[in-house]
$ cat upload-v8.csv   # CSV, C-alpha atoms
chain,number,residue,atom,x,y,z
A,1,MET,CA,-4.9,-69.0,-119.3
A,2,ARG,CA,-5.8,-65.6,-118.0
A,3,SER,CA,-3.5,-66.0,-115.0
A,4,SER,CA,-0.6,-67.0,-117.2
A,5,ASN,CA,-1.1,-63.9,-119.4
A,6,LEU,CA,-1.2,-61.7,-116.4
A,7,SER,CA,2.0,-63.2,-115.0
A,8,LEU,CA,3.6,-62.7,-118.3
A,9,SER,CA,2.5,-59.1,-118.5
A,10,ILE,CA,3.8,-58.4,-115.0
A,11,LEU,CA,7.1,-60.0,-115.9
A,12,ILE,CA,7.4,-57.8,-119.0
A,13,ILE,CA,6.6,-54.7,-117.0
A,14,ILE,CA,9.3,-55.6,-114.4
A,15,LEU,CA,11.9,-56.2,-117.1
A,16,VAL,CA,11.1,-53.0,-118.9
A,17,ASN,CA,11.3,-51.0,-115.6
A,18,LYS,CA,14.6,-52.6,-114.8
A,19,SER,CA,16.0,-51.8,-118.2
A,20,LEU,CA,14.9,-48.2,-117.9
A,21,TYR,CA,16.4,-48.0,-114.4
A,22,LEU,CA,19.7,-49.4,-115.8
A,23,VAL,CA,19.6,-46.9,-118.7
A,24,ASN,CA,18.8,-44.0,-116.3
A,25,SER,CA,21.6,-45.0,-113.9
A,26,SER,CA,24.1,-45.3,-116.7
A,27,PHE,CA,23.0,-41.9,-118.0
A,28,VAL,CA,23.2,-40.3,-114.6
A,29,GLN,CA,26.6,-41.8,-113.9
A,30,THR,CA,27.8,-40.5,-117.3
A,31,GLN,CA,26.5,-37.1,-116.5
A,32,LEU,CA,28.2,-37.1,-113.1
A,33,GLN,CA,31.5,-38.1,-114.7
A,34,TYR,CA,31.1,-35.5,-117.3
A,35,CYS,CA,30.4,-32.8,-114.7
A,36,SER,CA,33.3,-33.9,-112.6
A,37,ALA,CA,35.6,-33.7,-115.7
A,38,ILE,CA,34.3,-30.3,-116.5
A,39,LYS,CA,34.9,-29.2,-112.9
A,40,GLN,CA,38.4,-30.5,-112.9
A,41,ARG,CA,39.1,-28.8,-116.2
A,42,THR,CA,37.6,-25.5,-114.9
A,43,ASP,CA,39.6,-25.7,-111.6
A,44,ALA,CA,42.8,-26.3,-113.6
A,45,ASN,CA,42.0,-23.3,-115.9
A,46,ASN,CA,41.2,-21.1,-112.9
A,47,ALA,CA,44.4,-22.1,-111.2
A,48,ARG,CA,46.4,-21.3,-114.3
A,49,GLY,CA,44.6,-18.0,-114.6
A,50,ILE,CA,45.3,-17.1,-111.0
A,51,GLN,CA,48.9,-18.0,-111.5
A,52,ARG,CA,49.1,-15.6,-114.5
A,53,HIS,CA,47.1,-13.0,-112.6
A,54,PHE,CA,49.1,-13.0,-109.4
A,55,GLY,CA,52.4,-14.5,-110.5
A,56,VAL,CA,52.2,-17.4,-108.1
A,57,LYS,CA,53.5,-20.7,-109.3
A,58,LYS,CA,51.6,-23.0,-106.9
A,59,CYS,CA,48.2,-21.8,-105.7
A,60,PRO,CA,45.7,-24.7,-105.9
A,61,GLN,CA,43.9,-23.4,-102.9
A,62,LEU,CA,44.7,-19.7,-103.5
A,63,ILE,CA,47.2,-19.5,-100.7
A,64,LEU,CA,49.1,-16.3,-101.2
A,65,ARG,CA,52.3,-15.1,-99.7
A,66,LEU,CA,52.4,-13.2,-96.4
A,67,SER,CA,52.5,-9.5,-96.5
A,68,SER,CA,55.4,-7.4,-95.2
A,69,SER,CA,53.3,-6.6,-92.1
A,70,GLY,CA,53.0,-10.3,-91.2
A,71,HIS,CA,49.4,-10.9,-92.1
A,72,GLU,CA,48.1,-12.9,-95.0
A,73,MET,CA,47.0,-10.8,-97.9
A,74,ASP,CA,43.3,-11.0,-98.4
A,75,ASN,CA,42.3,-12.8,-101.5
A,76,ASP,CA,39.5,-10.4,-102.2
A,77,THR,CA,41.9,-7.5,-102.0
A,78,GLN,CA,44.2,-9.3,-104.4
A,79,MET,CA,41.5,-9.9,-106.9
A,80,ARG,CA,40.3,-6.3,-106.8
A,81,PHE,CA,43.6,-4.4,-106.8
A,82,SER,CA,46.4,-6.6,-108.1
A,83,GLY,CA,46.4,-4.6,-111.3
A,84,VAL,CA,47.4,-1.5,-109.4
A,85,GLY,CA,50.1,-3.5,-107.5
A,86,ARG,CA,51.6,-4.9,-110.8
A,87,LEU,CA,51.6,-1.4,-112.3
A,88,TYR,CA,53.6,0.2,-109.6
A,89,ALA,CA,55.7,-2.9,-108.9
A,90,ASN,CA,57.0,-2.6,-112.5
A,91,LYS,CA,58.1,1.0,-112.0
A,92,SER,CA,61.8,1.4,-111.3
A,93,SER,CA,61.0,3.8,-108.4
A,94,VAL,CA,59.4,0.9,-106.4
A,95,THR,CA,62.0,-0.9,-104.3
A,96,ARG,CA,61.5,-4.1,-102.5
A,97,LYS,CA,62.3,-4.1,-98.8
A,98,ASN,CA,60.9,-7.5,-98.0
A,99,SER,CA,62.1,-10.3,-100.2
A,100,SER,CA,59.5,-12.7,-98.8
A,101,ALA,CA,56.7,-10.8,-100.5
A,102,LEU,CA,56.0,-10.6,-104.2
A,103,PRO,CA,56.6,-7.1,-105.6
A,104,HIS,CA,53.0,-6.4,-106.4
A,105,VAL,CA,51.9,-7.8,-103.0
A,106,GLU,CA,54.3,-5.4,-101.2
A,107,VAL,CA,52.8,-2.5,-103.1
A,108,LEU,CA,49.3,-3.5,-102.1
A,109,ASN,CA,50.4,-3.9,-98.5
A,110,ARG,CA,51.7,-0.3,-98.5
A,111,LEU,CA,48.4,1.0,-100.0
A,112,SER,CA,46.1,-1.1,-97.8
A,113,SER,CA,47.9,0.0,-94.6
A,114,ALA,CA,48.0,3.7,-95.6
A,115,THR,CA,45.7,6.3,-94.2
A,116,VAL,CA,44.7,9.2,-96.5
A,117,ALA,CA,42.6,12.2,-95.3
A,118,VAL,CA,40.6,14.0,-98.0
A,119,ILE,CA,39.5,17.4,-96.7
A,120,GLY,CA,36.6,18.7,-98.8
A,121,ILE,CA,34.4,16.2,-100.6
A,122,GLY,CA,33.2,18.4,-103.5
A,123,GLY,CA,34.1,18.8,-107.1
A,124,VAL,CA,37.7,17.7,-106.6
A,125,GLY,CA,37.6,15.8,-103.4
A,126,SER,CA,34.9,13.4,-104.4
A,127,TRP,CA,37.0,12.2,-107.4
A,128,VAL,CA,40.1,12.0,-105.2
A,129,ALA,CA,38.3,9.7,-102.7
A,130,GLU,CA,37.0,7.4,-105.5
A,131,ALA,CA,40.4,7.1,-107.2
A,132,LEU,CA,42.1,6.4,-103.8
A,133,CYS,CA,39.6,3.7,-103.0
A,134,ARG,CA,39.9,2.1,-106.5
A,135,SER,CA,43.6,2.1,-106.1
A,136,GLY,CA,43.5,-0.1,-102.9
A,137,VAL,CA,44.1,2.5,-100.2
A,138,GLY,CA,42.8,0.8,-97.1
A,139,ASN,CA,42.0,3.7,-94.8
A,140,ILE,CA,40.3,6.9,-96.0
A,141,VAL,CA,39.1,9.9,-93.9
A,142,LEU,CA,36.5,12.1,-95.4
A,143,MET,CA,35.8,15.6,-94.0
A,144,ASP,CA,33.0,17.9,-95.0
A,145,LEU,CA,29.7,19.3,-93.6
A,146,ASP,CA,27.9,20.1,-96.8
A,147,ASP,CA,24.9,18.4,-98.3
A,148,ILE,CA,24.5,17.5,-102.0
A,149,CYS,CA,22.8,20.2,-104.1
A,150,VAL,CA,21.2,19.7,-107.5
A,151,SER,CA,23.6,22.3,-108.9
A,152,ASN,CA,26.5,19.9,-108.0
A,153,THR,CA,25.5,17.6,-110.8
A,154,ASN,CA,27.9,19.1,-113.3
A,155,ARG,CA,31.1,18.4,-111.4
A,156,GLN,CA,30.7,16.2,-108.3
A,157,LEU,CA,30.8,12.4,-108.4
A,158,HIS,CA,28.2,11.7,-105.7
A,159,ALA,CA,25.6,14.2,-107.1
A,160,LEU,CA,22.7,12.1,-108.3
A,161,THR,CA,18.9,12.6,-108.4
A,162,SER,CA,18.6,10.1,-105.5
A,163,THR,CA,21.3,11.8,-103.4
A,164,VAL,CA,20.2,15.4,-103.5
A,165,GLY,CA,19.8,16.8,-100.0
A,166,LYS,CA,21.9,14.1,-98.4
A,167,MET,CA,25.3,14.6,-96.7
A,168,LYS,CA,28.3,14.4,-99.1
A,169,THR,CA,30.4,12.3,-96.7
A,170,ASP,CA,27.6,9.8,-96.0
A,171,GLU,CA,27.0,9.2,-99.7
A,172,MET,CA,30.6,9.0,-100.5
A,173,LYS,CA,31.2,6.4,-97.8
A,174,LYS,CA,28.4,4.2,-99.2
A,175,ARG,CA,30.0,4.4,-102.6
A,176,LEU,CA,33.6,3.6,-101.3
A,177,VAL,CA,32.4,0.7,-99.2
A,178,ASP,CA,30.5,-0.7,-102.2
A,179,ILE,CA,33.7,-0.4,-104.3
A,180,ASN,CA,35.9,-2.1,-101.6
A,181,PRO,CA,34.1,-3.6,-98.6
A,182,GLY,CA,37.4,-3.9,-96.9
A,183,CYS,CA,38.1,-0.1,-97.0
A,184,ASN,CA,38.0,1.6,-93.6
A,185,VAL,CA,36.2,4.9,-94.1
A,186,THR,CA,36.1,7.4,-91.3
A,187,LEU,CA,33.8,10.5,-91.5
A,188,ILE,CA,34.3,13.9,-89.9
A,189,HIS,CA,31.1,15.9,-90.2
A,190,ASP,CA,32.6,19.4,-90.0
A,191,PHE,CA,34.1,22.3,-92.0
A,192,ILE,CA,37.7,23.1,-91.5
A,193,SER,CA,38.5,26.6,-90.3
A,194,VAL,CA,41.5,28.8,-89.5
A,195,ASP,CA,41.0,28.0,-85.8
A,196,THR,CA,40.5,24.3,-86.1
A,197,ALA,CA,43.0,23.3,-88.8
A,198,ASN,CA,45.9,22.7,-86.4
A,199,ASP,CA,43.8,20.6,-84.0
A,200,LEU,CA,42.4,18.6,-86.8
A,201,ILE,CA,45.8,17.5,-88.2
A,202,ALA,CA,47.0,16.8,-84.6
A,203,SER,CA,44.0,14.5,-84.1
A,204,LEU,CA,44.8,12.5,-87.2
A,205,LEU,CA,48.3,11.7,-86.0
A,206,PRO,CA,50.1,9.3,-86.0
A,207,GLU,CA,47.9,7.2,-88.4
A,208,VAL,CA,47.6,9.7,-91.3
A,209,SER,CA,50.0,9.1,-94.2
A,210,VAL,CA,49.0,11.9,-96.5
A,211,VAL,CA,46.4,14.8,-96.5
A,212,VAL,CA,44.7,15.9,-99.7
A,213,ASP,CA,43.6,19.5,-99.5
A,214,ALA,CA,40.5,19.9,-101.7
A,215,ILE,CA,38.9,23.0,-100.2
A,216,ASP,CA,38.5,26.3,-101.9
A,217,GLY,CA,38.7,29.0,-99.2
A,218,MET,CA,42.0,30.8,-99.3
A,219,TYR,CA,42.4,31.4,-95.5
A,220,GLU,CA,41.2,27.8,-94.6
A,221,LYS,CA,43.5,26.3,-97.3
A,222,THR,CA,46.4,28.3,-96.0
A,223,ALA,CA,45.7,27.2,-92.4
A,224,LEU,CA,45.4,23.6,-93.5
A,225,ILE,CA,48.7,23.7,-95.4
A,226,LEU,CA,50.4,25.4,-92.5
A,227,ALA,CA,49.1,22.8,-90.0
A,228,CYS,CA,50.4,20.0,-92.1
A,229,VAL,CA,53.8,21.7,-92.4
A,230,ASN,CA,54.0,22.3,-88.6
A,231,HIS,CA,53.1,18.6,-87.9
A,232,GLY,CA,55.3,17.2,-90.6
A,233,VAL,CA,52.4,15.6,-92.4
A,234,PRO,CA,52.7,15.2,-96.2
A,235,VAL,CA,50.0,17.3,-98.0
A,236,VAL,CA,48.9,17.5,-101.6
A,237,THR,CA,47.0,20.8,-102.3
A,238,CYS,CA,44.6,21.4,-105.2
A,239,GLY,CA,44.1,24.8,-106.9
A,240,GLY,CA,41.0,26.4,-108.4
A,241,ALA,CA,39.2,24.5,-111.1
A,242,ALA,CA,36.6,27.1,-111.9
A,243,GLY,CA,36.7,29.0,-115.2
A,244,ARG,CA,38.8,26.3,-117.0
A,245,SER,CA,37.8,24.0,-119.8
A,246,ASP,CA,41.0,22.2,-120.9
A,247,PRO,CA,41.9,19.2,-118.7
A,248,THR,CA,45.1,18.6,-120.7
A,249,LYS,CA,46.6,21.8,-119.1
A,250,ILE,CA,46.4,20.4,-115.5
A,251,VAL,CA,49.8,19.6,-114.0
A,252,ILE,CA,51.4,19.0,-110.6
A,253,GLY,CA,54.5,20.6,-109.2
A,254,ASP,CA,55.8,22.2,-106.0
A,255,LEU,CA,53.7,25.0,-104.6
A,256,THR,CA,56.6,27.4,-105.4
A,257,GLU,CA,56.2,26.6,-109.1
A,258,VAL,CA,52.5,27.3,-109.5
A,259,GLN,CA,51.3,29.5,-112.3
A,260,GLU,CA,48.0,30.8,-113.5
A,261,ASP,CA,46.2,30.0,-110.2
A,262,ARG,CA,44.8,32.9,-108.2
A,263,LEU,CA,43.8,30.8,-105.3
A,264,LEU,CA,47.2,29.2,-104.8
A,265,PHE,CA,48.9,32.5,-105.5
A,266,LYS,CA,47.0,34.0,-102.5
A,267,CYS,CA,47.8,31.1,-100.3
A,268,ARG,CA,51.5,31.3,-101.2
A,269,LYS,CA,51.5,35.0,-100.5
A,270,GLU,CA,49.9,34.5,-97.1
A,271,LEU,CA,52.4,31.8,-96.2
A,272,ARG,CA,55.3,34.1,-97.1
A,273,GLN,CA,54.1,37.4,-95.7
A,274,VAL,CA,52.4,36.1,-92.5
A,275,HIS,CA,54.0,32.8,-91.7
A,276,GLY,CA,57.6,33.4,-92.8
A,277,PHE,CA,57.9,31.0,-95.7
A,278,PRO,CA,60.8,32.0,-98.0
A,279,LYS,CA,60.1,34.4,-100.8
A,280,VAL,CA,59.7,32.9,-104.3
A,281,PRO,CA,61.8,35.0,-106.7
A,282,VAL,CA,60.3,36.0,-110.0
A,283,PRO,CA,62.1,34.1,-112.8
A,284,ARG,CA,63.9,36.4,-115.2
A,285,LYS,CA,64.9,35.8,-118.7
A,286,GLY,CA,68.4,34.4,-118.9
A,287,SER,CA,68.8,34.0,-115.1
A,288,LYS,CA,69.3,30.7,-113.4
A,289,THR,CA,67.7,31.5,-110.1
A,290,LYS,CA,67.2,28.3,-108.0
A,291,VAL,CA,64.1,28.3,-105.8
A,292,LYS,CA,64.2,26.1,-102.7
A,293,LYS,CA,61.1,24.0,-102.9
A,294,TRP,CA,58.6,23.8,-100.1
A,295,ARG,CA,58.0,20.1,-100.7
A,296,ILE,CA,54.2,20.7,-101.1
A,297,PRO,CA,52.9,19.1,-104.2
A,298,ALA,CA,50.2,21.3,-105.8
A,299,VAL,CA,47.7,20.5,-108.6
A,300,TYR,CA,47.1,23.4,-110.9
A,301,SER,CA,46.3,24.4,-114.5
A,302,THR,CA,48.5,26.4,-116.8
A,303,GLU,CA,45.4,27.4,-118.7
A,304,VAL,CA,44.6,31.1,-118.3
A,305,GLN,CA,41.5,31.4,-116.1
A,306,GLN,CA,38.5,33.1,-117.5
A,307,LEU,CA,37.4,36.5,-116.2
A,308,VAL,CA,34.1,37.1,-114.6
A,309,ARG,CA,31.8,39.2,-116.9
A,310,ASP,CA,29.7,41.9,-115.3
A,311,SER,CA,26.5,40.4,-116.7
A,312,ASP,CA,27.3,37.1,-114.8
A,313,THR,CA,28.0,39.0,-111.6
A,314,ASP,CA,24.7,41.0,-111.9
A,315,GLU,CA,22.8,37.8,-112.6
A,316,GLY,CA,24.4,36.1,-109.6
A,317,ARG,CA,23.3,39.0,-107.4
A,318,SER,CA,19.7,39.0,-108.6
A,319,SER,CA,19.1,35.3,-108.9
A,320,SER,CA,17.9,33.2,-105.9
A,321,PHE,CA,19.2,30.0,-107.4
A,322,ARG,CA,21.9,28.4,-105.4
A,323,ARG,CA,25.0,28.6,-107.6
A,324,CYS,CA,27.6,26.6,-105.8
A,325,ASP,CA,30.4,26.9,-108.3
A,326,GLY,CA,30.5,30.7,-108.6
A,327,ALA,CA,30.1,32.9,-111.7
A,328,LEU,CA,33.0,31.2,-113.6
A,329,GLY,CA,31.4,27.8,-113.9
A,330,THR,CA,33.0,24.3,-113.9
A,331,ALA,CA,32.9,21.0,-115.7
A,332,CYS,CA,33.4,17.5,-114.4
A,333,PHE,CA,36.2,16.6,-116.8
A,334,VAL,CA,38.2,19.4,-115.3
A,335,THR,CA,37.4,18.8,-111.6
A,336,GLY,CA,37.7,15.1,-112.1
A,337,THR,CA,41.2,15.5,-113.7
A,338,TYR,CA,42.3,17.7,-110.7
A,339,GLY,CA,41.2,14.9,-108.4
A,340,PHE,CA,42.8,12.1,-110.4
A,341,VAL,CA,46.1,14.0,-110.7
A,342,ALA,CA,46.1,14.5,-106.9
A,343,ALA,CA,45.2,10.9,-106.2
A,344,SER,CA,48.0,9.7,-108.6
A,345,LYS,CA,50.6,11.7,-106.6
A,346,VAL,CA,49.4,10.1,-103.4
A,347,VAL,CA,49.3,6.6,-104.7
A,348,ASP,CA,52.8,7.1,-106.3
A,349,MET,CA,54.3,8.3,-103.0
A,350,ILE,CA,52.8,5.5,-101.0
A,351,SER,CA,53.4,2.7,-103.4
A,352,SER,CA,57.1,3.7,-103.8
A,353,ASP,CA,57.5,4.2,-100.1
A,354,SER,CA,58.7,7.8,-100.8
A,355,VAL,CA,56.2,10.0,-99.0
A,356,VAL,CA,57.8,13.4,-98.9
A,357,LYS,CA,57.2,15.5,-95.8
A,358,PRO,CA,56.9,19.3,-96.3
A,359,ARG,CA,59.9,21.4,-95.5
A,360,LYS,CA,59.3,22.9,-92.1
A,361,GLN,CA,59.6,26.7,-92.3
A,362,GLN,CA,60.8,29.1,-89.6
A,363,THR,CA,58.2,31.7,-88.9
A,364,LYS,CA,59.1,35.3,-88.4
A,365,VAL,CA,58.0,35.2,-84.8
A,366,GLN,CA,60.2,32.1,-84.1
A,367,SER,CA,63.1,33.7,-85.9
A,368,ARG,CA,62.9,37.0,-83.8
A,369,THR,CA,62.5,35.0,-80.6
A,370,GLU,CA,65.5,32.8,-81.3
A,371,ASN,CA,67.6,35.8,-82.4
A,372,ALA,CA,66.7,37.6,-79.2
A,373,SER,CA,67.6,34.6,-77.0
A,374,ILE,CA,71.0,34.2,-78.8
A,375,LEU,CA,71.7,37.9,-78.2
A,376,MET,CA,70.8,37.6,-74.5
A,377,ALA,CA,73.0,34.5,-74.2
A,378,ASP,CA,75.9,36.3,-75.8
A,379,SER,CA,75.5,39.3,-73.6
A,380,GLY,CA,75.3,37.2,-70.5
A,381,SER,CA,78.5,35.3,-71.4
A,382,CYS,CA,80.3,38.6,-72.0
A,383,ILE,CA,79.3,39.9,-68.5
A,384,GLN,CA,80.5,36.7,-66.9
A,385,HIS,CA,83.9,36.9,-68.6

$ encode --input "upload-v8.csv" --output "structure tokens"
Amino acid sequence: MRSSNLSLSILIIILVNKSLYLVNSSFVQTQLQYCSAIKQRTDANNARGIQRHFGVKKCPQLILRLSSSGHEMDNDTQMRFSGVGRLYANKSSVTRKNSSALPHVEVLNRLSSATVAVIGIGGVGSWVAEALCRSGVGNIVLMDLDDICVSNTNRQLHALTSTVGKMKTDEMKKRLVDINPGCNVTLIHDFISVDTANDLIASLLPEVSVVVDAIDGMYEKTALILACVNHGVPVVTCGGAAGRSDPTKIVIGDLTEVQEDRLLFKCRKELRQVHGFPKVPVPRKGSKTKVKKWRIPAVYSTEVQQLVRDSDTDEGRSSSFRRCDGALGTACFVTGTYGFVAASKVVDMISSDSVVKPRKQQTKVQSRTENASILMADSGSCIQH
């Protein structure tokens, strides 16, 4: 009797376990089918989203068109910067030269293959570099030899509590690579000078597409602009941001058109008087004087710059605090706007494939030498005849 009861109990246990196994198997199979359906639905939604995002009709495996340079456009680059590509592809100034590439892909190709050098990574240059990187520029050269000071906090992008005392170029590179791991960032740990400006620009050739001048020394700035002109390198120069508080007054125009900027006034005067650039006539009321542009885009503010008070000057002499931005003072919303306006000009020129080279000027020395050689040749021909 006991043995029969035991056998019955074992049989019941086996049947119960088998039933539970079947129930569990059915449940697991249902779950797998449900997950598979969810995955298929998600993949389909992703594909449709990518089609809307990139404008590609068939992209189940995210295979994108070849770029104009012949290599496959990186998916990561597309995801990060296709918004910039679509923005400039929709502009009438952007022309398609390669029908095999989508318009926004062609714009991204131009940006990713371009090389932009930012000289001076301070209150303006740091914002320029960030904007260029976030716009998909693939190669950026950063030049500066300064370290980050706590007094840079009010205007410089890389100035943080954790970065004080570190090199500006090093910290800026870390930030740019974090924004776009595919960006090729080259560092030049040096200050530009009157003696080294020409060699620097020559060393960047032929790769450099545009140079952004974000330095604040008048003679160094003049030397950099002159070197770019002599080598035929497009340059965007930035005026003085100190002593200004209205970012809505910041504009961009040819260097010959600059107003209310003492720094660019002095550079322009130096280029005219020393290096033979044509004189910029003073516009008179009612006159229609046409000024031949130098083809040097300049970022400046039409806001009247503040004057230095004597009390500020005296305080600056007596204080041991390192005041990097001078007695006039600056604000990030002004220096940042300067940088963004300069970067917008660079991105616009590159994306529309209309990079404008500066007009090469004839220096006074060249003009005198050429005139003398012409006179000598004329006199020699007269003697022969």

$ atom_distance --input "upload-v8.csv" --atom1 "atom CA of Val291 of chain A" --atom2 "atom CA of Leu263 of chain A"
20.5 Å

$ closest_residue --input "upload-v8.csv" --among "A:Val164, A:Leu255, A:Ile188, A:Cys267" --to "Leu204 of chain A" --atoms "only C-alpha atoms"
A:Ile188

$ atom_distance --input "upload-v8.csv" --atom1 "atom CA of Ala227 of chain A" --atom2 "atom CA of Val128 of chain A"
20.7 Å

$ atom_distance --input "upload-v8.csv" --atom1 "atom CA of Leu307 of chain A" --atom2 "atom CA of Gly122 of chain A"
22.5 Å

$ closest_atom_pairs --input "upload-v8.csv" --of "segment 129-187 of chain A" --to "segment 330-334 of chain A" --cutoff "7 Å" --atoms "only C-alpha atoms" --output "tab-separated table"
residue	atom	partner	partner_atom	distance
A:Asn154	CA	A:Cys332	CA	5.8
A:Arg155	CA	A:Cys332	CA	3.9
A:Gln156	CA	A:Cys332	CA	6.8

$ residues_around --input "upload-v8.csv" --residues "Val355 of chain A" --least-positions-apart "3" --cutoff "12 Å" --atoms "all atoms listed in the file" --output "list in words"
Arg110, Leu111, Ala114, Val116, Val208, Ser209, Val210, Val211, Gly232, Val233, Pro234, Val235, Val236, Arg295, Ile296, Pro297, Lys345, Val346, Val347, Asp348, Met349, Ile350, Ser351, Ser352 and Pro358 of chain A

$ closest_residue --input "upload-v8.csv" --among "A:Val356, A:Cys133, A:Ile192, A:Leu157" --to "Asp216 of chain A" --atoms "only C-alpha atoms"
A:Ile192

$ closest_residue --input "upload-v8.csv" --among "A:Gly136, A:Gly123, A:Gly239, A:Gly182" --to "Thr335 of chain A" --atoms "all atoms listed in the file"
A:Gly123

$ build_atoms --input "upload-v8.csv" --residues "segment 169-175 of chain A" --atoms "all heavy atoms" --output "PDB file, in the coordinates of the input"
ATOM      1  N   THR A 169      29.549  13.370 -97.274  1.00  0.00           N
ATOM      2  CA  THR A 169      30.400  12.300 -96.700  1.00  0.00           C
ATOM      3  C   THR A 169      29.681  11.009 -96.546  1.00  0.00           C
ATOM      4  O   THR A 169      30.264   9.954 -96.802  1.00  0.00           O
ATOM      5  CB  THR A 169      30.915  12.797 -95.301  1.00  0.00           C
ATOM      6  OG1 THR A 169      29.796  13.258 -94.518  1.00  0.00           O
ATOM      7  CG2 THR A 169      31.925  13.928 -95.431  1.00  0.00           C
ATOM      8  N   ASP A 170      28.402  11.064 -96.164  1.00  0.00           N
ATOM      9  CA  ASP A 170      27.600   9.800 -96.000  1.00  0.00           C
ATOM     10  C   ASP A 170      27.489   9.088 -97.324  1.00  0.00           C
ATOM     11  O   ASP A 170      27.676   7.860 -97.393  1.00  0.00           O
ATOM     12  CB  ASP A 170      26.259  10.128 -95.418  1.00  0.00           C
ATOM     13  CG  ASP A 170      26.321  10.661 -94.001  1.00  0.00           C
ATOM     14  OD1 ASP A 170      27.355  10.453 -93.341  1.00  0.00           O
ATOM     15  OD2 ASP A 170      25.354  11.300 -93.558  1.00  0.00           O
ATOM     16  N   GLU A 171      27.139   9.815 -98.372  1.00  0.00           N
ATOM     17  CA  GLU A 171      27.000   9.200 -99.700  1.00  0.00           C
ATOM     18  C   GLU A 171      28.275   8.694-100.250  1.00  0.00           C
ATOM     19  O   GLU A 171      28.326   7.655-100.907  1.00  0.00           O
ATOM     20  CB  GLU A 171      26.284  10.166-100.644  1.00  0.00           C
ATOM     21  CG  GLU A 171      24.866  10.533-100.262  1.00  0.00           C
ATOM     22  CD  GLU A 171      23.982   9.310-100.081  1.00  0.00           C
ATOM     23  OE1 GLU A 171      23.945   8.463-101.007  1.00  0.00           O
ATOM     24  OE2 GLU A 171      23.348   9.175 -99.023  1.00  0.00           O
ATOM     25  N   MET A 172      29.330   9.439 -99.990  1.00  0.00           N
ATOM     26  CA  MET A 172      30.600   9.000-100.500  1.00  0.00           C
ATOM     27  C   MET A 172      31.101   7.752 -99.795  1.00  0.00           C
ATOM     28  O   MET A 172      31.701   6.870-100.430  1.00  0.00           O
ATOM     29  CB  MET A 172      31.653  10.148-100.290  1.00  0.00           C
ATOM     30  CG  MET A 172      32.847  10.082-101.209  1.00  0.00           C
ATOM     31  SD  MET A 172      32.413  10.379-102.927  1.00  0.00           S
ATOM     32  CE  MET A 172      33.353   9.116-103.756  1.00  0.00           C
ATOM     33  N   LYS A 173      30.820   7.647 -98.521  1.00  0.00           N
ATOM     34  CA  LYS A 173      31.200   6.400 -97.800  1.00  0.00           C
ATOM     35  C   LYS A 173      30.477   5.225 -98.347  1.00  0.00           C
ATOM     36  O   LYS A 173      31.079   4.154 -98.529  1.00  0.00           O
ATOM     37  CB  LYS A 173      30.903   6.594 -96.299  1.00  0.00           C
ATOM     38  CG  LYS A 173      31.267   5.345 -95.493  1.00  0.00           C
ATOM     39  CD  LYS A 173      31.053   5.523 -94.010  1.00  0.00           C
ATOM     40  CE  LYS A 173      31.448   4.256 -93.260  1.00  0.00           C
ATOM     41  NZ  LYS A 173      31.304   4.403 -91.784  1.00  0.00           N
ATOM     42  N   LYS A 174      29.171   5.363 -98.618  1.00  0.00           N
ATOM     43  CA  LYS A 174      28.400   4.200 -99.200  1.00  0.00           C
ATOM     44  C   LYS A 174      29.043   3.773-100.496  1.00  0.00           C
ATOM     45  O   LYS A 174      29.163   2.577-100.753  1.00  0.00           O
ATOM     46  CB  LYS A 174      26.964   4.670 -99.428  1.00  0.00           C
ATOM     47  CG  LYS A 174      26.152   4.932 -98.174  1.00  0.00           C
ATOM     48  CD  LYS A 174      24.758   5.385 -98.552  1.00  0.00           C
ATOM     49  CE  LYS A 174      23.933   5.755 -97.313  1.00  0.00           C
ATOM     50  NZ  LYS A 174      22.588   6.255 -97.680  1.00  0.00           N
ATOM     51  N   ARG A 175      29.447   4.728-101.302  1.00  0.00           N
ATOM     52  CA  ARG A 175      30.000   4.400-102.600  1.00  0.00           C
ATOM     53  C   ARG A 175      31.388   3.695-102.424  1.00  0.00           C
ATOM     54  O   ARG A 175      31.672   2.699-103.075  1.00  0.00           O
ATOM     55  CB  ARG A 175      30.190   5.668-103.419  1.00  0.00           C
ATOM     56  CG  ARG A 175      30.678   5.448-104.833  1.00  0.00           C
ATOM     57  CD  ARG A 175      30.753   6.760-105.600  1.00  0.00           C
ATOM     58  NE  ARG A 175      31.252   6.535-106.945  1.00  0.00           N
ATOM     59  CZ  ARG A 175      30.500   6.303-108.000  1.00  0.00           C
ATOM     60  NH1 ARG A 175      29.181   6.261-107.853  1.00  0.00           N
ATOM     61  NH2 ARG A 175      31.025   6.117-109.198  1.00  0.00           N
TER      62      ARG A 175
END
